[in-house]
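Visitor: So here's run28.txt, just compact mmCIF, C-alpha atoms:
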# COMPACT_ATOMS: atom_id res chain seq x y z
CA MET A 1121 3.34 -8.73 -22.46
CA LYS A 1122 0.61 -9.31 -19.85
CA ILE A 1123 3.09 -8.73 -17.03
CA LEU A 1124 4.22 -5.45 -18.60
CA LEU A 1125 0.63 -4.29 -19.16
CA ASN A 1126 -0.23 -5.14 -15.57
CA TRP A 1127 2.62 -3.01 -14.22
CA VAL A 1128 2.08 -0.12 -16.67
CA LEU A 1129 -1.58 0.21 -15.69
CA PHE A 1130 -0.77 -0.08 -11.98
CA ILE A 1131 1.80 2.71 -12.34
CA LEU A 1132 -0.72 4.75 -14.37
CA VAL A 1133 -3.22 4.64 -11.49
CA ILE A 1134 -0.62 5.61 -8.90
CA SER A 1135 0.72 8.43 -11.10
CA VAL A 1136 -2.66 9.97 -11.98
CA ASN A 1137 -3.83 9.87 -8.35
CA ALA A 1138 -0.55 11.40 -7.16
CA LEU A 1139 -0.60 14.13 -9.81
CA ALA A 1140 -4.23 14.90 -8.95
CA ASN A 1141 -3.00 16.43 -5.71
CA ILE A 1142 0.61 17.34 -6.57
CA LEU A 1143 -0.16 19.51 -9.60
CA PRO A 1144 -3.13 19.60 -8.78
CA ILE A 1145 -5.17 18.65 -11.87
CA ASN A 1146 -7.38 21.57 -13.02
CA GLY A 1147 -6.20 23.57 -10.01
CA TYR A 1148 -8.10 21.54 -7.40
CA ASN A 1149 -7.06 18.69 -5.15
CA THR A 1150 -9.44 15.75 -4.88
CA GLY A 1151 -10.74 16.55 -1.40
CA GLN A 1152 -11.27 20.21 -2.29
CA ILE A 1153 -13.77 19.23 -4.96
CA SER A 1154 -15.78 17.22 -2.42
CA GLY A 1155 -16.33 20.54 -0.66
CA PHE A 1156 -18.22 21.76 -3.74
CA TYR A 1157 -20.94 19.21 -2.95
CA PRO A 1158 -21.49 19.50 0.83
CA ASN A 1159 -23.49 16.66 2.34
CA TYR A 1160 -23.65 14.57 5.49
CA PHE A 1161 -22.19 11.43 3.91
CA VAL A 1162 -18.69 12.88 3.50
CA PRO A 1163 -16.25 11.16 5.89
CA ALA A 1164 -13.36 12.78 7.77
CA GLY A 1165 -10.16 13.36 5.84
CA PHE A 1166 -8.25 10.58 7.62
CA THR A 1167 -10.67 8.04 6.11
CA PHE A 1168 -9.12 8.49 2.67
CA SER A 1169 -5.83 7.06 3.94
CA ILE A 1170 -7.38 3.72 2.95
CA TRP A 1171 -6.14 4.44 -0.56
CA GLY A 1172 -2.65 3.76 0.77
CA VAL A 1173 -3.82 0.31 1.91
CA ILE A 1174 -5.51 -0.30 -1.45
CA TYR A 1175 -2.45 0.66 -3.49
CA LEU A 1176 -0.10 -1.31 -1.24
CA SER A 1177 -2.35 -4.37 -1.62
CA PHE A 1178 -2.23 -4.00 -5.41
CA LEU A 1179 1.54 -3.66 -5.32
CA VAL A 1180 1.51 -7.07 -3.60
CA TYR A 1181 -1.01 -8.31 -6.19
CA SER A 1182 1.22 -7.13 -9.05
CA ILE A 1183 4.25 -8.91 -7.57
CA ALA A 1184 2.23 -12.11 -7.07
CA TYR A 1185 0.79 -11.78 -10.60
CA THR A 1186 4.30 -11.53 -12.01
CA TYR A 1187 5.41 -14.55 -9.97
CA TYR A 1188 2.61 -16.77 -11.26
CA GLN A 1189 3.09 -15.65 -14.86
CA VAL A 1190 6.69 -16.85 -14.90
CA GLY A 1191 6.89 -20.30 -16.50
CA LYS A 1192 8.25 -22.41 -13.65
CA ASN A 1193 5.78 -20.87 -11.17
CA LYS A 1194 2.64 -21.46 -13.21
CA VAL A 1195 -0.25 -23.14 -11.40
CA PRO A 1196 -3.10 -24.01 -13.81
CA ALA A 1197 -6.01 -23.09 -11.50
CA ILE A 1198 -4.42 -19.82 -10.40
CA ASN A 1199 -3.33 -18.85 -13.90
CA ASN A 1200 -6.81 -19.55 -15.26
CA TYR A 1201 -8.17 -17.30 -12.52
CA LEU A 1202 -5.67 -14.54 -13.35
CA ASP A 1203 -6.42 -14.81 -17.07
CA LYS A 1204 -10.14 -14.51 -16.33
CA ILE A 1205 -9.92 -11.44 -14.08
CA SER A 1206 -7.07 -9.58 -15.81
CA PRO A 1207 -9.18 -7.78 -18.45
CA TRP A 1208 -11.53 -6.61 -15.71
CA TYR A 1209 -8.61 -5.52 -13.51
CA TRP A 1210 -7.03 -3.61 -16.39
CA ALA A 1211 -10.40 -1.95 -16.99
CA THR A 1212 -10.55 -0.84 -13.34
CA CYS A 1213 -7.13 0.80 -13.70
CA ILE A 1214 -8.30 2.82 -16.70
CA LEU A 1215 -11.60 3.64 -14.98
CA ASN A 1216 -9.78 4.75 -11.82
CA ALA A 1217 -7.63 7.21 -13.77
CA SER A 1218 -10.62 8.32 -15.88
CA TRP A 1219 -12.69 9.00 -12.77
CA ILE A 1220 -9.96 11.24 -11.38
CA LEU A 1221 -9.95 13.30 -14.58
CA ALA A 1222 -13.76 13.55 -14.71
CA TRP A 1223 -13.93 14.53 -11.04
CA HIS A 1224 -11.17 17.13 -11.29
CA PHE A 1225 -12.72 18.72 -14.35
CA LEU A 1226 -16.02 18.95 -12.41
CA GLN A 1227 -17.88 16.50 -14.62
CA ALA A 1228 -20.07 15.07 -11.85
CA GLU A 1229 -22.45 13.28 -14.22
CA LEU A 1230 -19.61 11.57 -16.10
CA SER A 1231 -17.89 10.67 -12.82
CA VAL A 1232 -21.02 8.80 -11.67
CA VAL A 1233 -21.22 6.83 -14.93
CA ILE A 1234 -17.53 5.91 -14.67
CA MET A 1235 -17.95 4.93 -11.02
CA LEU A 1236 -20.89 2.64 -11.81
CA VAL A 1237 -18.90 0.87 -14.54
CA PHE A 1238 -15.95 0.73 -12.13
CA LEU A 1239 -18.11 -0.97 -9.48
CA PHE A 1240 -19.57 -3.36 -12.08
CA SER A 1241 -16.05 -4.39 -13.14
CA LEU A 1242 -15.04 -5.08 -9.55
CA ILE A 1243 -18.18 -7.16 -9.03
CA GLN A 1244 -17.15 -9.35 -11.99
CA ILE A 1245 -13.73 -9.86 -10.40
CA PHE A 1246 -15.19 -10.52 -6.97
CA LYS A 1247 -17.46 -13.22 -8.39
CA SER A 1248 -14.40 -14.97 -9.80
CA THR A 1249 -12.53 -14.73 -6.49
CA GLN A 1250 -15.28 -16.72 -4.80
CA THR A 1251 -14.75 -19.75 -7.02
CA ILE A 1252 -10.97 -19.93 -6.55
CA ALA A 1253 -10.37 -18.69 -2.98
CA LYS A 1254 -10.93 -22.10 -1.35
CA GLU A 1255 -8.24 -23.62 -3.56
CA MET A 1256 -5.60 -21.14 -2.40
CA ASN A 1257 -3.46 -21.12 0.69
CA LEU A 1258 -3.61 -18.12 3.03
CA ILE A 1259 -0.67 -16.22 1.50
CA THR A 1260 -1.97 -16.62 -2.04
CA ARG A 1261 -5.46 -15.54 -0.97
CA LEU A 1262 -4.07 -12.43 0.73
CA SER A 1263 -2.08 -11.61 -2.42
CA LEU A 1264 -4.60 -12.35 -5.17
CA VAL A 1265 -8.06 -12.17 -3.58
CA THR A 1266 -8.05 -9.84 -0.57
CA PRO A 1267 -7.00 -6.74 -2.56
CA PHE A 1268 -10.23 -6.97 -4.54
CA SER A 1269 -12.35 -7.42 -1.40
CA ILE A 1270 -10.86 -4.22 0.00
CA TYR A 1271 -11.21 -2.40 -3.31
CA ILE A 1272 -14.86 -3.30 -3.92
CA GLY A 1273 -15.68 -2.32 -0.33
CA TRP A 1274 -14.29 1.16 -0.78
CA ILE A 1275 -15.68 1.65 -4.28
CA SER A 1276 -19.13 0.61 -2.99
CA VAL A 1277 -18.95 3.48 -0.49
CA ALA A 1278 -17.42 5.82 -3.09
CA THR A 1279 -20.28 5.07 -5.50
CA ILE A 1280 -22.85 6.05 -2.87
CA ALA A 1281 -20.87 9.21 -2.10
CA ASN A 1282 -20.49 10.06 -5.79
CA MET A 1283 -24.22 9.72 -6.44
CA THR A 1284 -24.96 11.80 -3.35
CA ALA A 1285 -22.66 14.53 -4.68
CA LEU A 1286 -24.55 14.50 -7.98
CA LEU A 1287 -27.87 14.91 -6.15
CA VAL A 1288 -26.38 17.84 -4.23
CA LYS A 1289 -25.25 19.41 -7.49
CA TYR A 1290 -28.81 19.35 -8.77
CA GLN A 1291 -30.18 20.29 -5.35
CA TRP A 1292 -32.50 17.29 -5.50
CA THR A 1293 -33.62 16.00 -2.10
CA GLY A 1294 -36.81 14.15 -2.98
CA GLY A 1295 -38.52 16.20 -0.30
CA LEU A 1296 -36.25 14.78 2.41
CA ASN A 1297 -33.96 16.64 4.77
CA PRO A 1298 -30.29 16.08 3.71
CA ILE A 1299 -29.62 14.53 7.11
CA TYR A 1300 -32.24 11.86 6.44
CA TRP A 1301 -30.70 11.18 3.04
CA SER A 1302 -27.38 10.57 4.76
CA VAL A 1303 -29.05 8.22 7.26
CA ILE A 1304 -30.52 6.25 4.33
CA MET A 1305 -27.13 6.07 2.58
CA ILE A 1306 -25.44 4.88 5.78
CA PHE A 1307 -28.14 2.24 6.13
CA VAL A 1308 -27.50 1.09 2.54
CA ALA A 1309 -23.77 0.78 3.28
CA VAL A 1310 -24.46 -1.26 6.43
CA VAL A 1311 -26.84 -3.57 4.57
CA ALA A 1312 -24.17 -4.11 1.89
CA GLY A 1313 -21.66 -5.03 4.61
CA VAL A 1314 -24.08 -7.46 6.25
CA PHE A 1315 -24.90 -9.01 2.87
CA PHE A 1316 -21.23 -9.67 2.07
CA ILE A 1317 -20.65 -11.20 5.51
CA GLN A 1318 -23.64 -13.51 5.26
CA GLN A 1319 -23.38 -14.38 1.57
CA PHE A 1320 -19.62 -14.52 0.97
CA LYS A 1321 -18.15 -14.99 4.46
CA THR A 1322 -15.68 -12.21 3.81
CA ILE A 1323 -14.12 -9.98 6.46
CA ALA A 1324 -12.20 -7.46 4.34
CA TYR A 1325 -15.28 -5.94 2.67
CA PRO A 1326 -17.27 -5.16 5.86
CA LEU A 1327 -14.10 -3.89 7.58
CA VAL A 1328 -13.83 -1.27 4.83
CA ILE A 1329 -17.47 -0.32 5.39
CA VAL A 1330 -16.74 -0.01 9.14
CA TRP A 1331 -13.82 2.29 8.36
CA ALA A 1332 -15.98 4.47 6.10
CA ILE A 1333 -18.82 4.69 8.64
CA TRP A 1334 -16.34 5.54 11.39
CA GLY A 1335 -15.09 8.37 9.15
CA ILE A 1336 -18.65 9.63 8.59
CA LYS A 1337 -19.29 9.51 12.34
CA ALA A 1338 -16.12 11.49 13.01
CA ALA A 1339 -16.98 14.17 10.43
CA GLN A 1340 -20.75 14.40 10.67
CA GLY A 1341 -21.85 12.78 13.94
CA GLY A 1342 -21.50 15.98 15.91
CA LYS A 1343 -23.82 17.78 13.50
CA SER A 1344 -26.82 15.49 13.93
CA ASN A 1345 -28.08 13.03 16.53
CA TRP A 1346 -29.65 11.02 13.70
CA ILE A 1347 -26.29 10.51 12.01
CA GLU A 1348 -24.51 9.85 15.30
CA THR A 1349 -27.06 7.21 16.29
CA THR A 1350 -27.18 5.58 12.85
CA THR A 1351 -23.40 5.32 12.56
CA VAL A 1352 -23.04 3.88 16.07
CA ILE A 1353 -25.75 1.26 15.44
CA GLY A 1354 -24.22 0.42 12.05
CA LEU A 1355 -20.77 0.01 13.57
CA LEU A 1356 -22.06 -2.24 16.35
CA ILE A 1357 -23.95 -4.46 13.91
CA LEU A 1358 -21.03 -4.86 11.52
CA LEU A 1359 -18.35 -5.29 14.17
CA SER A 1360 -20.37 -7.95 16.01
CA LEU A 1361 -20.88 -9.91 12.79
CA ILE A 1362 -17.23 -9.50 11.78
CA ILE A 1363 -16.03 -10.78 15.18
CA LYS A 1364 -18.44 -13.71 14.99
CA LEU A 1365 -17.23 -14.60 11.47
CA ALA A 1366 -13.56 -14.23 12.50
CA ILE A 1367 -14.11 -16.65 15.41
CA GLN A 1368 -15.83 -19.13 13.09
CA LYS A 1369 -12.95 -18.94 10.62
CA ALA A 1370 -10.38 -19.38 13.41
CA ILE A 1371 -12.19 -22.48 14.71
CA SER A 1372 -12.42 -23.85 11.18
CA LEU A 1373 -8.66 -23.41 10.65
CA ARG A 1374 -7.89 -25.18 13.93
CA ASN A 1375 -10.03 -28.11 12.90
As structure tokens, please, write out the structure in this file.

Guide:
Amino acid sequence: MKILLNWVLFILVISVNALANILPINGYNTGQISGFYPNYFVPAGFTFSIWGVIYLSFLVYSIAYTYYQVGKNKVPAINNYLDKISPWYWATCILNASWILAWHFLQAELSVVIMLVFLFSLIQIFKSTQTIAKEMNLITRLSLVTPFSIYIGWISVATIANMTALLVKYQWTGGLNPIYWSVIMIFVAVVAGVFFIQQFKTIAYPLVIVWAIWGIKAAQGGKSNWIETTTVIGLLILLSLIIKLAIQKAISLRN
């Protein structure tokens, strides 16, 4: 039953996201709606190709989940982990599809609420991954842990973008130039990446932040020296820390 539910919800997410642009839902594709809320935090279109990576990683997760749920392949520690995170994962699937519907029907306020709950659910999963990751071999970690590191990285950025869109809808700037707001949001994303590197020694999360900032630089850097400078500094900080952590992990594996 759990295996079936896992696959049904995975297929639901893929289907709703595909139909969002094939139909498209409510007559708009997902990117088109972003244009209704113009701001300097919107990344270039190529950046959204990361969804392909996310969905491929969860296809791998679903296969691994099925493998470990079959009787002869059960491993107590891993199955306890999967049992603990599954309700949260299933919730993220429903929230993902719900967000698409809210966004496509131009319910910006509802989309922010859904996104915040979405992020909260991923945080609960990520906390669980930290207690089990050291007990897994590399392949198992890549299958059952890494997908959530990638996912929470992108949803962190998406939450910032979603809240920015809501502020644009209400034309609220807090007295700041929109460019400065974007600089602040980029700074928040960089700080989040640095925090995850230092606190959790993870590479996947900050790499997603790097990808998002690169997309913002590509789309918005030419419009403002402030954004260009902030994105370049953010990229240099994160990439240097990622490289340093990768070297440390490589040395640790050799020893």

Visitor: Which distance in Å separates CA of Ala1222 (chain A) and CA of Phe1240 (chain A), to one decimal?

Guide: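 Going from CA of Ala1222 (chain A) over to CA of Phe1240 (chain A), I get 18.1 Å.
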
Visitor: Might you pull out every residue within 8 Å of region 1319-1326 of chain A, with all atoms listed in the file counted and same-chain residues fewer than 5 positions away left off, and present them as a list in words?

Guide: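 Contacts, in chain order: Gln1250, Thr1266, Ser1269, Ile1270, Ile1272, Gly1273, Trp1274, Gly1313, Val1314, Leu1358, Ile1362, Leu1365 and Ala1366 of chain A.
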
Visitor: Any chance you could export the current selection's C-alpha atoms as a short mmCIF file (atom, residue, chain, number, x, y, z; two decimals), keeping the file's coordinate frame?

Guide:
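Printed below is part.cif as written:
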data_model
loop_
_atom_site.label_atom_id
_atom_site.label_comp_id
_atom_site.auth_asym_id
_atom_site.auth_seq_id
_atom_site.Cartn_x
_atom_site.Cartn_y
_atom_site.Cartn_z
CA GLN A 1250 -15.28 -16.72 -4.80
CA THR A 1266 -8.05 -9.84 -0.57
CA SER A 1269 -12.35 -7.42 -1.40
CA ILE A 1270 -10.86 -4.22 0.00
CA ILE A 1272 -14.86 -3.30 -3.92
CA GLY A 1273 -15.68 -2.32 -0.33
CA TRP A 1274 -14.29 1.16 -0.78
CA GLY A 1313 -21.66 -5.03 4.61
CA VAL A 1314 -24.08 -7.46 6.25
CA LEU A 1358 -21.03 -4.86 11.52
CA ILE A 1362 -17.23 -9.50 11.78
CA LEU A 1365 -17.23 -14.60 11.47
CA ALA A 1366 -13.56 -14.23 12.50
#

Visitor: When you count only C-alpha atoms, which of these residues is closest to Trp1346 (chain A): A:Ala1253, A:Asn1297, A:Lys1204, A:Ser1241?

Guide: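 Closest candidate: A:Asn1297.
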
Visitor: Write out as a VMD selection string each polymer residue whose atoms come within 10 Å of Ala1332 (chain A), counting only C-alpha atoms; drop sequence neighbours fewer than 6 positions from it.

Guide: chain A and resid 1161 to 1164 1166 to 1168 1170 1273 to 1274 1277 to 1278 1306 1309 1326 1338 1351 1355

Visitor: Select, from A:Tyr1181, A:Asn1199, A:Ser1218, A:Phe1225, the residue with the minimum atom-to-atom distance to Val1133 (chain A), counting only C-alpha atoms.

Guide: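 Nearest candidate to Val1133 (chain A) out of A:Tyr1181, A:Asn1199, A:Ser1218, A:Phe1225: A:Ser1218.
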
Visitor: Residues near Lys1343 (chain A), anyone? I mean within 12 Å using only C-alpha atoms, not counting same-chain ones fewer than 2 positions away, as an NGL selection string.

Guide: :A and (1159-1161 or 1298-1299 or 1302 or 1336-1341 or 1345-1349)

Visitor: Determine the axis-aligned bounding box of all atoms of region 1350-1361 of chain A present in the file, pad each side by 8 Å, and express its centre and edge lengths in Å to one decimal place as AutoDock Vina command-line options.

Guide:
--center_x -22.8 --center_y -2.2 --center_z 13.9 --size_x 24.8 --size_y 31.5 --size_z 20.8

Visitor: How far is it from CA of Thr1186 (chain A) to CA of Pro1267 (chain A), in Å with one decimal?

Guide: 15.5 Å
